[in-house]
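What follows is the content of coords37.tsv (TSV, C-alpha atoms).
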```
chain	number	residue	atom	x	y	z
A	5	MET	CA	15.05	8.90	20.17
A	6	THR	CA	16.51	10.23	16.95
A	7	PRO	CA	14.22	11.27	14.05
A	8	LEU	CA	15.34	8.21	12.09
A	9	GLN	CA	14.20	5.92	14.89
A	10	GLY	CA	10.88	7.74	15.05
A	11	CYS	CA	10.31	7.18	11.33
A	12	LEU	CA	11.29	3.54	11.60
A	13	LEU	CA	8.92	2.98	14.53
A	14	VAL	CA	6.02	4.59	12.64
A	15	SER	CA	6.84	2.44	9.64
A	16	ALA	CA	7.04	-0.73	11.76
A	17	LEU	CA	3.65	0.00	13.34
A	18	LEU	CA	2.13	0.72	9.92
A	19	PHE	CA	3.52	-2.55	8.61
A	20	ALA	CA	2.09	-4.46	11.59
A	21	ILE	CA	-1.34	-2.84	11.09
A	22	GLY	CA	-1.30	-3.68	7.38
A	23	PHE	CA	-0.24	-7.25	8.09
A	24	ALA	CA	-2.96	-7.73	10.70
A	25	GLY	CA	-5.57	-6.39	8.27
A	26	ALA	CA	-4.36	-8.49	5.36
A	27	VAL	CA	-4.40	-11.66	7.46
A	28	THR	CA	-7.52	-11.22	9.54
A	29	ARG	CA	-10.13	-9.56	7.33
A	30	ARG	CA	-12.47	-11.74	5.29
A	31	HIS	CA	-13.03	-9.33	2.44
A	32	ALA	CA	-10.72	-9.55	-0.58
A	33	ILE	CA	-10.52	-5.77	-1.12
A	34	LEU	CA	-9.41	-5.19	2.46
A	35	ALA	CA	-6.72	-7.83	2.15
A	36	LEU	CA	-5.41	-5.88	-0.86
A	37	VAL	CA	-5.59	-2.62	1.09
A	38	GLY	CA	-3.56	-4.23	3.87
A	39	ILE	CA	-0.90	-5.20	1.35
A	40	GLU	CA	-0.87	-1.61	0.05
A	41	LEU	CA	-0.29	-0.34	3.59
A	42	MET	CA	2.62	-2.75	4.01
A	43	LEU	CA	4.16	-1.50	0.75
A	44	ASN	CA	3.75	2.08	1.96
A	45	ALA	CA	5.48	1.23	5.23
A	46	ALA	CA	8.44	-0.06	3.23
A	47	ASN	CA	8.44	3.18	1.19
A	48	LEU	CA	8.53	5.24	4.39
A	49	ASN	CA	11.59	3.24	5.47
A	50	PHE	CA	13.34	4.00	2.17
A	51	ILE	CA	12.62	7.71	2.49
A	52	ALA	CA	13.75	7.80	6.13
A	53	PHE	CA	17.04	6.05	5.38
A	54	TRP	CA	17.60	8.27	2.36
A	55	ARG	CA	17.02	11.43	4.42
A	56	TYR	CA	19.09	10.47	7.46
A	57	GLY	CA	21.61	8.15	5.80
A	58	PRO	CA	25.20	9.04	5.01
A	59	HIS	CA	24.78	9.92	1.29
A	60	PRO	CA	21.49	11.70	0.63
A	61	GLU	CA	22.86	13.37	-2.49
A	62	ALA	CA	22.93	10.02	-4.33
A	63	LEU	CA	19.07	9.94	-4.36
A	64	THR	CA	19.00	6.13	-4.33
A	65	GLY	CA	16.20	5.76	-1.79
A	66	LEU	CA	14.13	8.39	-3.55
A	67	MET	CA	14.43	6.58	-6.88
A	68	PHE	CA	13.51	3.26	-5.27
A	69	VAL	CA	10.35	4.79	-3.81
A	70	ILE	CA	9.32	6.32	-7.15
A	71	PHE	CA	9.62	2.94	-8.88
A	72	SER	CA	7.93	1.23	-5.95
A	73	ILE	CA	4.93	3.57	-6.19
A	74	ALA	CA	4.60	2.79	-9.90
A	75	ILE	CA	4.71	-0.96	-9.24
A	76	ALA	CA	2.18	-0.62	-6.42
A	77	ALA	CA	-0.19	1.18	-8.78
A	78	ALA	CA	0.07	-1.64	-11.31
A	79	GLU	CA	-0.47	-4.19	-8.54
A	80	ALA	CA	-3.57	-2.40	-7.28
A	81	ALA	CA	-5.08	-2.26	-10.77
A	82	VAL	CA	-4.54	-5.96	-11.47
A	83	GLY	CA	-5.56	-7.01	-7.95
A	84	LEU	CA	-8.83	-5.12	-8.01
A	85	ALA	CA	-9.59	-6.45	-11.50
A	86	LEU	CA	-9.08	-9.95	-10.06
A	87	VAL	CA	-11.45	-9.16	-7.19
A	88	ILE	CA	-14.11	-8.04	-9.67
A	89	ALA	CA	-13.60	-11.17	-11.80
A	90	ILE	CA	-13.84	-13.40	-8.71
A	91	TYR	CA	-16.99	-11.60	-7.58
A	92	ARG	CA	-18.58	-12.12	-10.98
A	93	HIS	CA	-17.76	-15.82	-10.94
A	94	TYR	CA	-18.51	-16.77	-7.33
A	95	LYS	CA	-21.01	-13.98	-6.49
A	96	THR	CA	-19.03	-13.24	-3.35
A	97	SER	CA	-15.87	-11.42	-2.38
A	98	ASN	CA	-15.48	-13.25	0.90
A	99	LEU	CA	-12.11	-14.96	0.77
A	100	ASP	CA	-13.29	-17.92	2.87
A	101	GLU	CA	-15.98	-18.85	0.35
A	102	VAL	CA	-13.64	-18.91	-2.65
A	103	LYS	CA	-12.38	-22.46	-2.36
A	104	ASP	CA	-12.78	-24.14	-5.73
A	105	LEU	CA	-9.99	-24.07	-8.22
A	106	LYS	CA	-12.18	-25.25	-11.10
A	107	GLY	CA	-15.42	-23.28	-11.17
B	12	MET	CA	11.70	15.02	16.41
B	13	SER	CA	9.23	17.80	15.83
B	14	LEU	CA	5.69	18.11	17.06
B	15	TYR	CA	4.42	18.16	13.48
B	16	PHE	CA	5.97	14.78	12.83
B	17	ILE	CA	4.33	13.28	15.93
B	18	ILE	CA	0.89	14.67	15.05
B	19	THR	CA	1.10	13.50	11.43
B	20	ALA	CA	2.33	10.07	12.49
B	21	ILE	CA	-0.49	9.65	15.02
B	22	VAL	CA	-3.15	10.70	12.48
B	23	THR	CA	-1.69	8.34	9.87
B	24	LEU	CA	-1.56	5.37	12.22
B	25	LEU	CA	-5.06	5.98	13.61
B	26	ALA	CA	-6.44	6.19	10.06
B	27	ALA	CA	-4.64	2.98	9.09
B	28	ALA	CA	-5.99	1.18	12.16
B	29	ALA	CA	-9.49	2.43	11.37
B	30	ALA	CA	-9.16	1.26	7.76
B	31	MET	CA	-8.34	-2.22	8.96
B	32	SER	CA	-11.00	-2.46	11.67
B	33	LEU	CA	-14.18	-0.67	10.55
B	34	ARG	CA	-17.15	-2.79	9.48
B	35	ASN	CA	-18.44	-0.72	6.57
B	36	LEU	CA	-16.18	-1.02	3.53
B	37	VAL	CA	-16.85	2.53	2.29
B	38	HIS	CA	-15.70	3.89	5.65
B	39	CYS	CA	-12.62	1.68	5.34
B	40	ALA	CA	-11.85	3.21	1.94
B	41	LEU	CA	-12.17	6.74	3.34
B	42	ALA	CA	-9.90	5.86	6.26
B	43	VAL	CA	-7.29	4.40	3.93
B	44	VAL	CA	-7.33	7.61	1.89
B	45	ALA	CA	-6.64	9.54	5.10
B	46	ALA	CA	-3.77	7.19	5.96
B	47	LEU	CA	-2.19	7.56	2.52
B	48	ALA	CA	-2.54	11.34	2.63
B	49	GLY	CA	-0.87	11.32	6.06
B	50	LEU	CA	1.98	9.32	4.59
B	51	ALA	CA	2.33	11.93	1.85
B	52	ALA	CA	2.58	14.60	4.57
B	53	LEU	CA	5.30	12.53	6.27
B	54	TYR	CA	7.24	12.38	2.98
B	55	LEU	CA	6.93	16.15	2.63
B	56	GLN	CA	8.34	16.61	6.13
B	57	LEU	CA	11.26	14.33	5.26
B	58	ASP	CA	12.22	16.71	2.39
B	59	ALA	CA	11.05	14.32	-0.31
B	60	GLU	CA	8.71	16.75	-2.03
B	61	PHE	CA	8.51	14.98	-5.37
B	62	VAL	CA	7.69	11.63	-3.78
B	63	GLY	CA	5.09	13.28	-1.54
B	64	PHE	CA	3.25	14.79	-4.48
B	65	ALA	CA	3.59	11.57	-6.48
B	66	GLN	CA	2.06	9.76	-3.50
B	67	ILE	CA	-0.90	12.16	-3.50
B	68	LEU	CA	-1.38	11.81	-7.25
B	69	VAL	CA	-1.05	8.04	-7.42
B	70	TYR	CA	-2.51	6.84	-4.13
B	71	VAL	CA	-4.94	9.51	-3.00
B	72	GLY	CA	-5.99	10.10	-6.59
B	73	ALA	CA	-5.91	6.87	-8.56
B	74	VAL	CA	-5.68	3.94	-6.17
B	75	ALA	CA	-8.39	5.34	-3.90
B	76	ILE	CA	-10.75	5.71	-6.87
B	77	LEU	CA	-9.95	2.12	-7.91
B	78	ILE	CA	-10.72	0.82	-4.42
B	79	VAL	CA	-14.02	2.71	-4.23
B	80	PHE	CA	-15.01	1.45	-7.68
B	81	ALA	CA	-14.16	-2.13	-6.73
B	82	ILE	CA	-16.25	-1.82	-3.55
B	83	LEU	CA	-19.23	-0.45	-5.44
B	84	LEU	CA	-18.93	-2.92	-8.33
B	85	THR	CA	-18.88	-5.88	-5.95
B	86	ARG	CA	-21.89	-4.44	-4.09
B	87	SER	CA	-20.22	-4.76	-0.73
B	88	GLY	CA	-20.88	-1.21	0.43
B	89	GLU	CA	-23.28	-2.24	3.17
B	90	ALA	CA	-21.92	-3.85	6.30
B	91	PRO	CA	-22.21	-7.65	6.34
B	92	ASN	CA	-24.34	-9.34	8.97
B	93	GLN	CA	-21.72	-11.94	9.77
B	94	SER	CA	-18.34	-11.35	11.36
B	95	VAL	CA	-15.90	-9.36	9.25
B	96	LEU	CA	-12.94	-11.22	10.69
B	97	ALA	CA	-11.73	-14.53	9.35
B	98	PRO	CA	-11.69	-17.49	11.75
B	99	GLY	CA	-8.32	-17.69	13.39
B	100	TRP	CA	-7.97	-13.89	13.45
B	101	ILE	CA	-6.53	-14.08	16.94
B	102	TYR	CA	-3.40	-15.77	15.58
B	103	GLY	CA	-2.98	-13.14	12.88
B	104	THR	CA	-3.27	-10.33	15.42
B	105	ALA	CA	-0.85	-12.08	17.77
B	106	ILE	CA	1.69	-12.50	14.97
B	107	SER	CA	1.44	-8.83	13.98
B	108	VAL	CA	1.86	-7.70	17.62
B	109	LEU	CA	4.89	-9.97	17.89
B	110	LEU	CA	6.24	-8.55	14.63
B	111	PHE	CA	5.90	-4.97	15.86
B	112	THR	CA	7.53	-5.82	19.19
B	113	LEU	CA	10.47	-7.40	17.42
B	114	LEU	CA	10.89	-4.56	14.91
B	115	GLY	CA	10.51	-1.90	17.61
B	116	TRP	CA	13.08	-3.58	19.83
B	117	ALA	CA	15.49	-3.86	16.91
B	118	VAL	CA	15.02	-0.20	15.93
B	119	LEU	CA	15.49	1.10	19.47
B	120	ASN	CA	18.54	-1.01	20.27
B	121	SER	CA	20.39	-1.16	16.98
B	122	ALA	CA	23.91	0.21	16.92
B	123	ALA	CA	24.02	0.32	13.13
B	124	LEU	CA	21.71	3.32	12.74
B	125	PRO	CA	23.50	6.62	12.11
B	126	LYS	CA	23.32	8.77	15.21
B	127	GLU	CA	24.02	12.25	13.87
B	128	THR	CA	21.43	13.99	11.74
B	129	THR	CA	22.68	15.00	8.32
B	130	ALA	CA	21.98	18.37	6.78
B	131	GLU	CA	18.85	18.85	4.74
B	132	PRO	CA	19.59	17.57	1.23
B	133	ALA	CA	18.85	20.04	-1.54
B	134	VAL	CA	16.99	18.02	-4.16
B	135	THR	CA	15.30	19.57	-7.13
B	136	VAL	CA	12.96	17.86	-9.56
B	137	LYS	CA	15.60	18.62	-12.18
B	138	ASP	CA	18.04	16.30	-10.39
B	139	ILE	CA	15.46	13.54	-10.24
B	140	GLY	CA	14.57	13.96	-13.90
B	141	GLY	CA	18.23	13.95	-14.90
B	142	LEU	CA	18.87	10.73	-13.03
B	143	LEU	CA	15.73	9.13	-14.47
B	144	MET	CA	16.95	9.95	-17.97
B	145	THR	CA	20.56	8.83	-17.45
B	146	LYS	CA	21.36	6.35	-14.69
B	147	TYR	CA	17.89	4.91	-14.22
B	148	VAL	CA	16.69	4.98	-17.83
B	149	LEU	CA	16.45	1.19	-18.14
B	150	PRO	CA	14.28	0.75	-15.00
B	151	LEU	CA	12.13	3.63	-16.26
B	152	GLU	CA	11.52	1.88	-19.58
B	153	ILE	CA	10.75	-1.39	-17.82
B	154	ILE	CA	8.27	0.39	-15.54
B	155	GLY	CA	6.58	1.83	-18.62
B	156	LEU	CA	6.28	-1.64	-20.12
B	157	LEU	CA	5.00	-3.04	-16.82
B	158	LEU	CA	2.34	-0.35	-16.51
B	159	THR	CA	1.15	-0.97	-20.07
B	160	ALA	CA	1.01	-4.71	-19.48
B	161	ALA	CA	-0.80	-4.22	-16.16
B	162	MET	CA	-3.36	-1.92	-17.76
B	163	ILE	CA	-4.11	-4.34	-20.60
B	164	GLY	CA	-4.14	-7.28	-18.18
B	165	ALA	CA	-6.54	-5.56	-15.79
B	166	VAL	CA	-8.94	-4.77	-18.63
B	167	ILE	CA	-8.82	-8.36	-19.92
B	168	ILE	CA	-9.30	-9.88	-16.45
B	169	ALA	CA	-12.23	-7.64	-15.62
B	170	LEU	CA	-13.94	-8.20	-19.00
B	171	LYS	CA	-17.25	-10.00	-18.96
B	172	GLU	CA	-16.96	-13.77	-18.88
B	173	PRO	CA	-17.97	-15.32	-22.19
B	174	ALA	CA	-21.49	-16.70	-21.97
B	175	LYS	CA	-21.67	-20.48	-21.79
B	176	ASP	CA	-23.29	-22.21	-24.74
B	177	GLU	CA	-26.14	-24.23	-23.24
B	178	THR	CA	-26.29	-26.95	-25.92
B	179	THR	CA	-22.65	-27.94	-25.99
B	180	GLY	CA	-21.56	-26.69	-22.56
B	181	ARG	CA	-18.54	-25.11	-24.11
B	182	LYS	CA	-17.54	-21.55	-23.75
B	183	THR	CA	-18.08	-19.61	-26.91
```
I need this file expressed as structure tokens, please.
Amino acid sequence: MTPLQGCLLVSALLFAIGFAGAVTRRHAILALVGIELMLNAANLNFIAFWRYGPHPEALTGLMFVIFSIAIAAAEAAVGLALVIAIYRHYKTSNLDEVKDLKG
Amino acid sequence: MSLYFIITAIVTLLAAAAAMSLRNLVHCALAVVAALAGLAALYLQLDAEFVGFAQILVYVGAVAILIVFAILLTRSGEAPNQSVLAPGWIYGTAISVLLFTLLGWAVLNSAALPKETTAEPAVTVKDIGGLLMTKYVLPLEIIGLLLTAAMIGAVIIALKEPAKDETTGRKT
């Protein structure tokens, strides 16, 4: 197994764990955390392909990851603000109990 | 593949699995911090020093604090007495296992992956800064705008709901 394949396997497993958490957990915050883990798995793929790809001096993968981290930070801020707003409105953060569109 | 890589990868994956399976949400937050720090260590091993430190600053620093604050503000720190898993969780788990099997098979059998390992790229922060100011200056500006908009939006969303006027039923 080459180092690139090792990185890709780790990233695939991380993505699967994040997906399972985002789909199966009831709590809204943990669903968000699962999505964050999936984003991080994608970032690990970018870094691995940048490091072991044919043109590492172009820095393309590195740049993509830097922008991706910035977008993930914005997403986390807005997502957690939404969780707090939903909790204030419905008095719960259980995703199964948030069913009404018009409160 | 070095021993350090294997150890870091195992720690990261165990922490991620713990973050997704523990009952107490505060423990989940701590486990997710460990997973993100492990990812930063993986980036450092892959010679992406700047991204590794950015990961520590942004994720281990800021996003972790946000998650902990959200947990405490929604008063969900104590473990719930009902099941933490949504109904139908067995399908979600099955799909993710299937996904990992498929991805792992593709990674192990693909002929498109480069076989030979390239030399360690010499990247300085100066190179990254130069590229950010020349080739990637437009994405950088857009990211700045996006972060500003996200910050203002998060504050507005999390503001207190306006109190309902009892006599007219309208929001004031």
(request) Write out as a PyMOL selection string every residue belonging to chain A that has an atom at most 7 Å from any atom of chain B, counting only C-alpha atoms. (result) chain A and resi 6-7+9+12-14+16-18+20-21+23-25+27-30+55-57+60-61+70+77-78+80-82+84-86+88-89+91
(message) What's the separation between CA of Leu83 in chain B and CA of Ala48 in chain B, in Å to one decimal place?
(response)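 According to the coordinates, CA of Leu83 in chain B and CA of Ala48 in chain B are separated by 22.0 Å.
CA of His93 in chain A to CA of Gly38 in chain A spans 23.6 Å [interatomic distance, one decimal].
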(request) Quote the spacing between CA of Leu41 in chain B and CA of Ile90 in chain A in Å to one decimal place. (result)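 We find that CA of Leu41 in chain B and CA of Ile90 in chain A lie 23.5 Å from each other.
With all atoms listed in the file as the basis for measurement, A:Phe19 is the residue among A:Met5, A:Leu63, A:Gly10, A:Phe19 that approaches Ala45 in chain A most closely.
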(request) Could you check which of B:Thr135, B:Gln93, B:Thr19, B:Asn35 is closest to Leu66 in chain A, using only C-alpha atoms? (result) B:Thr135
(request) Could you tell me which of A:Ala32, A:Ile73, A:Asp100, A:Tyr94 comes closest to Phe64 in chain B if we count only C-alpha atoms? (result)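 Answer, going by the shortest atom-to-atom distance: A:Ile73.
Of the residues listed (A:Gly22, A:Ile75, A:Ser15, A:Glu101), A:Gly22 shows the shortest atom-to-atom separation from Leu36 in chain A; distances use only C-alpha atoms.
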(message) Taking 3 positions as the minimum chain separation for residues in the same chain, which residues sit within 6 Å of Phe50 in chain A when counting all atoms listed in the file? Answer as a PyMOL selection string.
(response) chain A and resi 47+53+65
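Among the candidates A:Ile39, A:Leu34, A:Ala26, A:Ala74, the residue lying nearest to Val87 in chain A is A:Leu34 (atoms considered: all atoms listed in the file).
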